[in-house]
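Raw structure-v9.tsv, TSV, C-alpha atoms:
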chain	number	residue	atom	x	y	z
D	863	MET	CA	-1.35	265.06	149.30
D	864	LYS	CA	-3.89	267.01	151.33
D	865	LYS	CA	-7.47	266.45	150.28
D	866	ILE	CA	-9.26	269.54	149.03
D	867	ILE	CA	-12.41	269.24	151.07
D	868	ILE	CA	-14.30	271.98	149.25
D	869	LEU	CA	-14.01	270.27	145.87
D	870	ALA	CA	-17.51	270.01	144.49
D	871	VAL	CA	-16.71	266.85	142.52
D	872	GLN	CA	-15.77	265.01	145.67
D	873	ILE	CA	-18.85	266.22	147.48
D	874	LEU	CA	-21.02	264.98	144.62
D	875	LEU	CA	-19.28	261.65	144.57
D	876	ALA	CA	-20.20	261.34	148.20
D	877	GLY	CA	-23.82	262.05	147.32
D	878	GLY	CA	-23.94	265.76	148.13
D	879	LEU	CA	-23.00	267.31	144.81
D	880	THR	CA	-26.36	266.79	143.20
D	881	GLY	CA	-27.73	269.88	144.90
D	882	PHE	CA	-24.95	272.16	143.76
D	883	ALA	CA	-26.89	273.75	140.88
D	884	GLN	CA	-30.02	274.11	142.98
D	885	ILE	CA	-28.39	276.36	145.56
D	886	SER	CA	-26.80	278.66	142.97
D	887	THR	CA	-28.45	281.25	140.78
D	888	ASN	CA	-25.26	281.85	138.82
D	889	SER	CA	-25.52	280.50	135.26
D	890	ILE	CA	-21.92	279.24	135.37
D	891	HIS	CA	-22.70	277.31	138.52
D	892	ASP	CA	-25.84	275.96	136.88
D	893	GLU	CA	-23.77	274.60	133.97
D	894	LEU	CA	-21.11	273.37	136.35
D	895	GLY	CA	-23.68	271.58	138.48
D	896	GLN	CA	-25.03	269.75	135.46
D	897	LEU	CA	-21.53	268.76	134.36
D	898	VAL	CA	-20.58	267.49	137.79
D	899	GLY	CA	-23.84	265.56	137.94
D	900	ALA	CA	-22.88	263.84	134.69
D	901	ILE	CA	-19.42	263.05	136.05
D	902	ASN	CA	-20.99	261.69	139.21
D	903	ALA	CA	-23.33	259.43	137.24
D	904	LYS	CA	-20.51	258.05	135.12
D	905	THR	CA	-18.25	257.52	138.12
D	906	GLN	CA	-20.94	255.72	140.07
D	907	ALA	CA	-21.47	253.49	137.03
D	908	GLY	CA	-17.82	252.46	137.14
D	909	ALA	CA	-16.43	254.74	134.43
D	910	MET	CA	-12.71	254.56	133.80
D	911	PRO	CA	-10.57	257.72	133.47
D	912	GLY	CA	-10.68	257.55	129.68
D	913	ASP	CA	-14.48	257.63	129.80
D	914	LEU	CA	-14.40	261.19	131.17
D	915	THR	CA	-12.61	262.75	128.19
D	916	ASN	CA	-15.69	264.59	126.94
D	917	GLU	CA	-16.58	265.82	130.40
D	918	LEU	CA	-13.10	267.24	130.87
D	919	LYS	CA	-13.53	269.21	127.64
D	920	GLN	CA	-16.83	270.58	128.90
D	921	PHE	CA	-15.11	272.48	131.71
D	922	ASP	CA	-13.46	274.59	129.01
D	923	THR	CA	-16.73	274.83	127.10
D	924	ILE	CA	-18.35	276.42	130.14
D	925	LEU	CA	-15.63	279.05	130.29
D	926	ALA	CA	-15.88	279.63	126.54
D	927	ASN	CA	-19.59	280.32	127.02
D	928	HIS	CA	-18.65	283.16	129.39
D	929	PRO	CA	-15.65	284.90	127.79
D	930	GLY	CA	-13.78	287.30	130.01
D	931	ASP	CA	-15.68	286.27	133.14
D	932	GLN	CA	-13.43	286.74	136.17
D	933	SER	CA	-16.00	285.78	138.79
D	934	GLU	CA	-15.46	283.24	141.53
D	935	ALA	CA	-17.88	280.99	139.66
D	936	ALA	CA	-15.54	280.93	136.66
D	937	ALA	CA	-12.60	280.24	138.97
D	938	ASP	CA	-14.60	277.35	140.46
D	939	VAL	CA	-14.75	275.75	137.02
D	940	VAL	CA	-10.96	275.71	136.66
D	941	PHE	CA	-10.49	274.67	140.28
D	942	MET	CA	-12.86	271.74	139.97
D	943	LYS	CA	-11.23	270.54	136.75
D	944	ALA	CA	-7.81	270.72	138.42
D	945	ASP	CA	-8.94	268.74	141.42
D	946	LEU	CA	-10.75	266.20	139.28
D	947	TYR	CA	-7.38	265.53	137.64
D	948	LEU	CA	-5.71	265.39	141.03
D	949	GLU	CA	-8.02	263.46	143.31
D	950	VAL	CA	-10.09	261.31	140.96
D	951	LEU	CA	-7.98	260.71	137.86
D	952	LYS	CA	-4.57	260.86	139.60
D	953	ASP	CA	-3.23	262.70	136.54
D	954	TYR	CA	-0.65	264.87	138.25
D	955	VAL	CA	0.77	266.41	135.07
D	956	ASN	CA	-2.58	267.84	133.97
D	957	ALA	CA	-3.48	268.70	137.56
D	958	GLN	CA	-0.34	270.80	137.85
D	959	ALA	CA	-0.98	272.56	134.54
D	960	THR	CA	-4.57	273.34	135.51
D	961	PHE	CA	-3.67	274.70	138.95
D	962	VAL	CA	-1.05	276.91	137.28
D	963	ARG	CA	-3.77	278.12	134.91
D	964	LEU	CA	-6.02	278.88	137.88
D	965	ASN	CA	-3.38	281.06	139.52
D	966	ARG	CA	-2.56	282.76	136.22
D	967	ASP	CA	-6.10	283.52	135.03
D	968	PHE	CA	-7.72	284.07	138.43
D	969	PRO	CA	-4.97	285.59	140.63
D	970	ASN	CA	-7.46	286.92	143.18
D	971	SER	CA	-9.56	283.79	143.48
D	972	ARG	CA	-10.52	282.40	146.85
D	973	HIS	CA	-8.77	279.23	145.70
D	974	LYS	CA	-5.39	280.97	145.42
D	975	ALA	CA	-3.93	279.76	148.72
D	976	GLU	CA	-5.23	276.22	148.23
D	977	ALA	CA	-3.82	276.06	144.71
D	978	ALA	CA	-0.43	277.33	145.87
D	979	SER	CA	-0.33	274.69	148.60
D	980	VAL	CA	-1.14	271.91	146.15
D	981	LEU	CA	1.40	273.14	143.60
D	982	ALA	CA	4.11	273.09	146.25
D	983	GLN	CA	3.48	269.36	146.71
D	984	LEU	CA	2.94	268.39	143.09
D	985	ASP	CA	6.46	268.63	141.68
D	986	PRO	CA	7.67	265.23	142.94
D	987	MET	CA	4.36	263.61	141.98
D	988	VAL	CA	4.60	265.01	138.45
D	989	ALA	CA	8.18	263.79	138.19
D	990	MET	CA	7.10	260.30	139.21
D	991	GLN	CA	4.24	260.28	136.71
D	992	LYS	CA	6.57	261.30	133.89
D	993	ILE	CA	8.84	258.39	134.80
D	994	ARG	CA	5.90	255.98	134.67
D	995	ASP	CA	4.66	257.45	131.40
D	996	SER	CA	8.07	256.82	129.84
D	997	GLN	CA	7.91	253.11	130.65
D	998	VAL	CA	6.23	251.98	127.45
D	999	ALA	CA	6.67	248.71	125.62
D	1000	GLY	CA	9.86	248.73	123.58
D	1001	SER	CA	11.64	251.34	125.71
D	1002	ALA	CA	14.74	250.45	127.69
D	1003	LEU	CA	14.39	250.35	131.45
D	1004	PRO	CA	17.14	252.52	133.00
D	1005	ALA	CA	19.75	250.32	134.64
D	1006	PHE	CA	20.43	249.97	138.35
D	1007	ASP	CA	23.53	248.78	140.13
D	1008	GLU	CA	22.93	248.05	143.81
D	1009	SER	CA	23.56	245.36	146.41
D	1010	ASP	CA	20.88	242.83	147.28
D	1011	PHE	CA	19.57	241.87	150.70
D	1012	ASN	CA	22.52	239.53	151.20
D	1013	GLY	CA	25.13	242.05	150.09
D	1014	LYS	CA	25.68	240.57	146.64
D	1015	ALA	CA	25.64	242.48	143.33
D	1016	PHE	CA	22.14	243.43	142.21
D	1017	SER	CA	22.34	244.78	138.68
D	1018	LEU	CA	20.38	244.60	135.46
D	1019	ALA	CA	23.63	244.41	133.52
D	1020	ASP	CA	24.40	241.04	135.12
D	1021	HIS	CA	21.27	239.61	133.50
D	1022	LYS	CA	21.82	240.89	129.99
D	1023	GLY	CA	20.59	238.41	127.41
D	1024	LYS	CA	17.94	236.97	129.74
D	1025	VAL	CA	14.26	237.67	130.15
D	1026	VAL	CA	13.89	239.51	133.46
D	1027	LEU	CA	10.93	240.33	135.68
D	1028	VAL	CA	11.52	243.24	138.05
D	1029	ASP	CA	9.01	242.71	140.86
D	1030	PHE	CA	8.21	245.53	143.31
D	1031	TRP	CA	6.47	244.07	146.36
D	1032	ALA	CA	6.31	243.97	150.17
D	1033	THR	CA	5.50	241.33	152.76
D	1034	TRP	CA	2.75	243.57	154.21
D	1035	CYS	CA	1.04	243.74	150.79
D	1036	ILE	CA	-1.56	240.96	150.56
D	1037	PRO	CA	-2.01	241.25	146.76
D	1038	CYS	CA	1.78	240.99	146.46
D	1039	ARG	CA	1.89	237.77	148.44
D	1040	LEU	CA	-0.94	236.31	146.39
D	1041	GLU	CA	0.70	237.26	143.10
D	1042	LEU	CA	4.02	235.78	144.23
D	1043	ARG	CA	2.48	232.37	143.59
D	1044	ASN	CA	2.38	233.20	139.88
D	1045	VAL	CA	5.86	234.67	139.92
D	1046	VAL	CA	7.11	231.48	141.56
D	1047	ALA	CA	5.28	229.40	138.95
D	1048	ALA	CA	6.89	231.34	136.10
D	1049	TYR	CA	10.31	231.16	137.76
D	1050	GLU	CA	10.17	227.43	138.37
D	1051	LYS	CA	8.97	226.76	134.81
D	1052	TYR	CA	11.31	229.06	132.89
D	1053	HIS	CA	14.34	229.89	135.03
D	1054	THR	CA	16.47	227.17	133.47
D	1055	GLN	CA	15.46	228.49	130.03
D	1056	GLY	CA	16.82	231.98	130.60
D	1057	PHE	CA	14.32	233.72	132.88
D	1058	ASP	CA	15.33	235.63	136.01
D	1059	VAL	CA	13.41	237.57	138.64
D	1060	LEU	CA	14.76	240.56	140.54
D	1061	GLY	CA	12.72	241.47	143.58
D	1062	VAL	CA	12.55	245.01	144.93
D	1063	ASN	CA	11.16	244.75	148.44
D	1064	LEU	CA	9.46	247.78	149.97
D	1065	ASP	CA	9.39	246.63	153.56
D	1066	VAL	CA	10.77	249.06	156.12
D	1067	LYS	CA	12.03	246.52	158.66
D	1068	PRO	CA	14.66	244.06	157.38
D	1069	ASP	CA	13.45	241.41	159.85
D	1070	ASP	CA	10.09	241.29	158.07
D	1071	LEU	CA	11.73	240.40	154.78
D	1072	ASP	CA	14.20	238.01	156.40
D	1073	LYS	CA	11.46	236.05	158.17
D	1074	TYR	CA	9.34	235.85	155.04
D	1075	LEU	CA	12.16	234.58	152.84
D	1076	LYS	CA	13.16	231.94	155.38
D	1077	LYS	CA	9.57	230.75	155.61
D	1078	ASN	CA	8.99	230.84	151.83
D	1079	ASP	CA	12.05	229.33	150.23
D	1080	ALA	CA	10.33	229.13	146.83
D	1081	VAL	CA	11.04	232.85	146.53
D	1082	ALA	CA	14.57	232.00	145.47
D	1083	TRP	CA	15.61	235.07	143.51
D	1084	PRO	CA	17.63	238.05	144.82
D	1085	GLN	CA	15.93	240.89	146.63
D	1086	TYR	CA	16.85	244.56	146.92
D	1087	PHE	CA	16.13	246.13	150.31
D	1088	ASP	CA	16.72	249.82	150.99
D	1089	THR	CA	18.25	249.98	154.47
D	1090	ASN	CA	17.98	253.78	154.43
D	1091	LEU	CA	14.22	253.54	154.95
D	1092	VAL	CA	14.83	252.91	158.63
D	1093	ASN	CA	16.55	256.31	158.86
D	1094	LEU	CA	13.60	258.00	157.16
D	1095	THR	CA	11.09	256.79	159.73
D	1096	GLY	CA	9.08	259.76	160.99
D	1097	LYS	CA	9.92	261.96	158.01
D	1098	PHE	CA	7.07	260.64	155.87
D	1099	PRO	CA	3.52	259.49	156.65
D	1100	ASP	CA	3.56	255.78	157.41
D	1101	GLN	CA	1.73	254.86	154.21
D	1102	ASN	CA	4.26	256.78	152.07
D	1103	LEU	CA	7.47	255.66	153.75
D	1104	PRO	CA	7.89	252.37	151.82
D	1105	PHE	CA	7.63	254.25	148.54
D	1106	GLN	CA	10.74	256.25	149.45
D	1107	ASN	CA	12.67	253.07	148.65
D	1108	LYS	CA	15.52	254.14	146.35
D	1109	LEU	CA	14.50	251.97	143.40
D	1110	ALA	CA	10.80	252.68	143.91
D	1111	VAL	CA	11.56	256.39	143.52
D	1112	LYS	CA	13.82	255.74	140.54
D	1113	TYR	CA	11.05	253.92	138.66
D	1114	GLY	CA	8.09	256.00	139.81
D	1115	ILE	CA	6.42	253.22	141.79
D	1116	GLU	CA	3.20	254.29	143.50
D	1117	LYS	CA	1.39	250.98	143.99
D	1118	LEU	CA	2.13	247.35	144.83
D	1119	PRO	CA	2.58	244.95	143.32
D	1120	THR	CA	4.18	246.48	140.24
D	1121	THR	CA	6.02	244.26	137.79
D	1122	ILE	CA	8.06	245.13	134.71
D	1123	LEU	CA	8.89	242.34	132.25
D	1124	LEU	CA	12.05	242.89	130.17
D	1125	ASP	CA	13.41	241.15	127.12
D	1126	GLY	CA	17.02	240.05	126.63
D	1127	ASP	CA	18.01	243.58	125.61
D	1128	GLY	CA	16.55	245.13	128.75
D	1129	LYS	CA	13.56	246.59	126.89
D	1130	ILE	CA	10.09	246.61	128.37
D	1131	ILE	CA	7.73	243.91	127.13
D	1132	ALA	CA	4.85	244.70	129.48
D	1133	LYS	CA	3.99	245.99	132.94
D	1134	ASP	CA	1.75	244.65	135.68
D	1135	LEU	CA	0.99	241.27	134.20
D	1136	ARG	CA	-0.95	239.02	136.56
D	1137	GLY	CA	-1.78	235.36	136.96
D	1138	ASP	CA	-1.73	233.19	133.85
D	1139	ASP	CA	-1.05	236.27	131.72
D	1140	LEU	CA	2.30	236.64	133.45
D	1141	VAL	CA	3.28	233.00	133.04
D	1142	ASP	CA	2.19	233.01	129.39
D	1143	ALA	CA	4.06	236.24	128.63
D	1144	VAL	CA	7.24	234.91	130.21
D	1145	GLY	CA	6.95	231.73	128.14
D	1146	LYS	CA	6.57	233.71	124.90
D	1147	ALA	CA	9.44	236.04	125.83
D	1148	VAL	CA	11.76	233.14	126.62
D	1149	ALA	CA	10.89	231.45	123.32
D	1150	ALA	CA	11.46	234.67	121.38
D	1151	ASN	CA	14.75	235.25	123.20
D	1152	LYS	CA	16.12	231.93	121.97
D	1153	LYS	CA	15.65	232.83	118.31
How does the structure come out when it is put into structure tokens?
Amino acid sequence: MKKIIILAVQILLAGGLTGFAQISTNSIHDELGQLVGAINAKTQAGAMPGDLTNELKQFDTILANHPGDQSEAAADVVFMKADLYLEVLKDYVNAQATFVRLNRDFPNSRHKAEAASVLAQLDPMVAMQKIRDSQVAGSALPAFDESDFNGKAFSLADHKGKVVLVDFWATWCIPCRLELRNVVAAYEKYHTQGFDVLGVNLDVKPDDLDKYLKKNDAVAWPQYFDTNLVNLTGKFPDQNLPFQNKLAVKYGIEKLPTTILLDGDGKIIAKDLRGDDLVDAVGKAVAANKK
């Protein structure tokens, strides 16, 4: 996704947004500058997305204070809210809705072309977010039926009745390799008690995975590798190519490592467990599965 360089929020986050209100005599821009300053302060203090709920509402408060205003300043308010969703919060659903609002309410805005460009790229990102948002505890993970790296069946159905960890990872991902130690620990402790791991590897070159598995024989569970990624080389930016992996797309994967822990019925227990939390959760799931 192309960065929107003119976004005032991003400029402030970089240290240049604090002067926004000072260079504008427009009252909307004055209010907007104060709001962005508050967002900047919270962000610099380590605020999480949920901590900006009130600030997000204040964008609409500014517009409500100036009913019927069709100025570029009013359009800036909507534009900045949309790009805050997009670039800072990574909330693509609300970003899309807000860019649509911008085009609808301010059809002649200077942001029109930029908004149209972003909207053209947002559809697949929104689709992925909706997939991720549907993966809540207690919901069933949609099944897959593929072949693993060695050409054998790779299917959730084959593990029905067992606790399963679906692990999305890559050999080039350092956090993945570090977390594999905990996955190995859980596997070695609970595999004989009804726990399986299914790896989904997002490497692009099969040799990378092959060499890693031969060197690290403790990673003993099956791996899915999408051979079609080799054919997609050059069609996506390098950093996005691994995420075109068939199963990564199916499950809305946007970061590594991502893990999904399933109970014996294939329902989600939890996502992205790490370290001792993963091992403990597997132990509890295995015990519950025996009852």
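Distances to Ala935 of chain D were evaluated for D:Arg972, D:His1021, D:Lys1153, D:Lys1014 using only C-alpha atoms, and the minimum falls at D:Arg972.
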Given only C-alpha atoms as the counted atoms, nearest of D:Gly1128, D:Pro1119, D:Pro1104, D:Pro969 to Gly1023 of chain D: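 Between D:Gly1128, D:Pro1119, D:Pro1104, D:Pro969, the residue approaching Gly1023 of chain D most closely is D:Gly1128.
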Best match for closeness to Leu918 of chain D among D:Asp892, D:Asp1079, D:Asp967, D:Asp945, counting only C-alpha atoms: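 The closest residue to Leu918 of chain D is D:Asp945.
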One-decimal distance in Å that lies between atom CA of Glu1116 of chain D and atom CA of Asp1069 of chain D: 23.2 Å
Near-segment 1084-1101 of chain D list (8 Å; all atoms listed in the file; drop same-chain fewer than 5 positions) as a compact mmCIF listing (two decimals) with C-alpha atoms, in the frame of the given file:
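Writing the result to out_27.txt gives the following:
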# COMPACT_ATOMS: atom_id res chain seq x y z
CA GLU D 1008 22.93 248.05 143.81
CA SER D 1009 23.56 245.36 146.41
CA ASP D 1010 20.88 242.83 147.28
CA PHE D 1011 19.57 241.87 150.70
CA PHE D 1016 22.14 243.43 142.21
CA VAL D 1059 13.41 237.57 138.64
CA LEU D 1060 14.76 240.56 140.54
CA GLY D 1061 12.72 241.47 143.58
CA VAL D 1062 12.55 245.01 144.93
CA ASN D 1063 11.16 244.75 148.44
CA LEU D 1064 9.46 247.78 149.97
CA ASP D 1065 9.39 246.63 153.56
CA VAL D 1066 10.77 249.06 156.12
CA LYS D 1067 12.03 246.52 158.66
CA PRO D 1068 14.66 244.06 157.38
CA GLN D 1106 10.74 256.25 149.45
CA ASN D 1107 12.67 253.07 148.65
CA LYS D 1108 15.52 254.14 146.35
Interatomic distance (Å, one decimal) between atom CA of Ala978 of chain D and atom CA of Pro911 of chain D: 25.3 Å
For segment 895-907 of chain D, what centre and edge lengths in Å (one decimal) does the axis-aligned box get once 5 Å is added on each side of all its listed atoms, as JSON?
{"center_x": -21.6, "center_y": 262.5, "center_z": 137.2, "size_x": 16.8, "size_y": 28.1, "size_z": 15.7}
Among listed residues D:Tyr954, D:Phe1006, D:Trp1083, D:Tyr1052, nearest Ala1143 of chain D (using all atoms listed in the file): D:Tyr1052
Atomic distance atom CA of Leu964 of chain D - atom CA of Val940 of chain D, expressed in Å with one decimal: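 Taking atom CA of Leu964 of chain D and atom CA of Val940 of chain D, their separation equals 6.0 Å.
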Who sits within 10 Å of Ala1149 of chain D, only C-alpha atoms, same chain under 2 positions skipped, as a ChimeraX atom specification: /D:1025,1052,1055-1056,1143-1147,1151-1153
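Minimum atom-to-atom distances from D:Leu914, D:Ala903, D:Ala936, D:Ala1048 to Ser889 of chain D were compared using only C-alpha atoms, and the lowest value belongs to D:Ala936.
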Can you tell me, as an mmCIF file with C-alpha atoms, in the coordinates of the input, what residues are no more than 12 Å from Asp1139 of chain D when counting all atoms listed in the file, ignoring any on the same chain fewer than 2 positions away?
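Output file selection33.cif follows:
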data_model
loop_
_atom_site.group_PDB
_atom_site.id
_atom_site.type_symbol
_atom_site.label_atom_id
_atom_site.label_comp_id
_atom_site.auth_asym_id
_atom_site.auth_seq_id
_atom_site.Cartn_x
_atom_site.Cartn_y
_atom_site.Cartn_z
ATOM 1 C CA GLU D 1041 0.700 237.260 143.100
ATOM 2 C CA ASN D 1044 2.380 233.200 139.880
ATOM 3 C CA VAL D 1045 5.860 234.670 139.920
ATOM 4 C CA ALA D 1047 5.280 229.400 138.950
ATOM 5 C CA ALA D 1048 6.890 231.340 136.100
ATOM 6 C CA LEU D 1123 8.890 242.340 132.250
ATOM 7 C CA ALA D 1132 4.850 244.700 129.480
ATOM 8 C CA LYS D 1133 3.990 245.990 132.940
ATOM 9 C CA ASP D 1134 1.750 244.650 135.680
ATOM 10 C CA LEU D 1135 0.990 241.270 134.200
ATOM 11 C CA ARG D 1136 -0.950 239.020 136.560
ATOM 12 C CA GLY D 1137 -1.780 235.360 136.960
ATOM 13 C CA VAL D 1141 3.280 233.000 133.040
ATOM 14 C CA ASP D 1142 2.190 233.010 129.390
ATOM 15 C CA ALA D 1143 4.060 236.240 128.630
ATOM 16 C CA VAL D 1144 7.240 234.910 130.210
ATOM 17 C CA GLY D 1145 6.950 231.730 128.140
ATOM 18 C CA LYS D 1146 6.570 233.710 124.900
#
Selection near Asp1058 of chain D, 7 Å with only C-alpha atoms, sequence-local residues under 6 positions removed, as number ranges by chain: D: 1024-1027, 1049
Option closest in space to Asp985 of chain D, from D:Thr915, D:Asn970, D:Gln958, D:Thr1054 [counting all atoms listed in the file]: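 For Asp985 of chain D, the nearest of the candidates is D:Gln958.
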All residues 10 Å or closer to Glu976 of chain D, only C-alpha atoms, same chain fewer than 2 positions away omitted, as an NGL selection string: :D and (864 or 866 or 941 or 961 or 971-974 or 978-981)
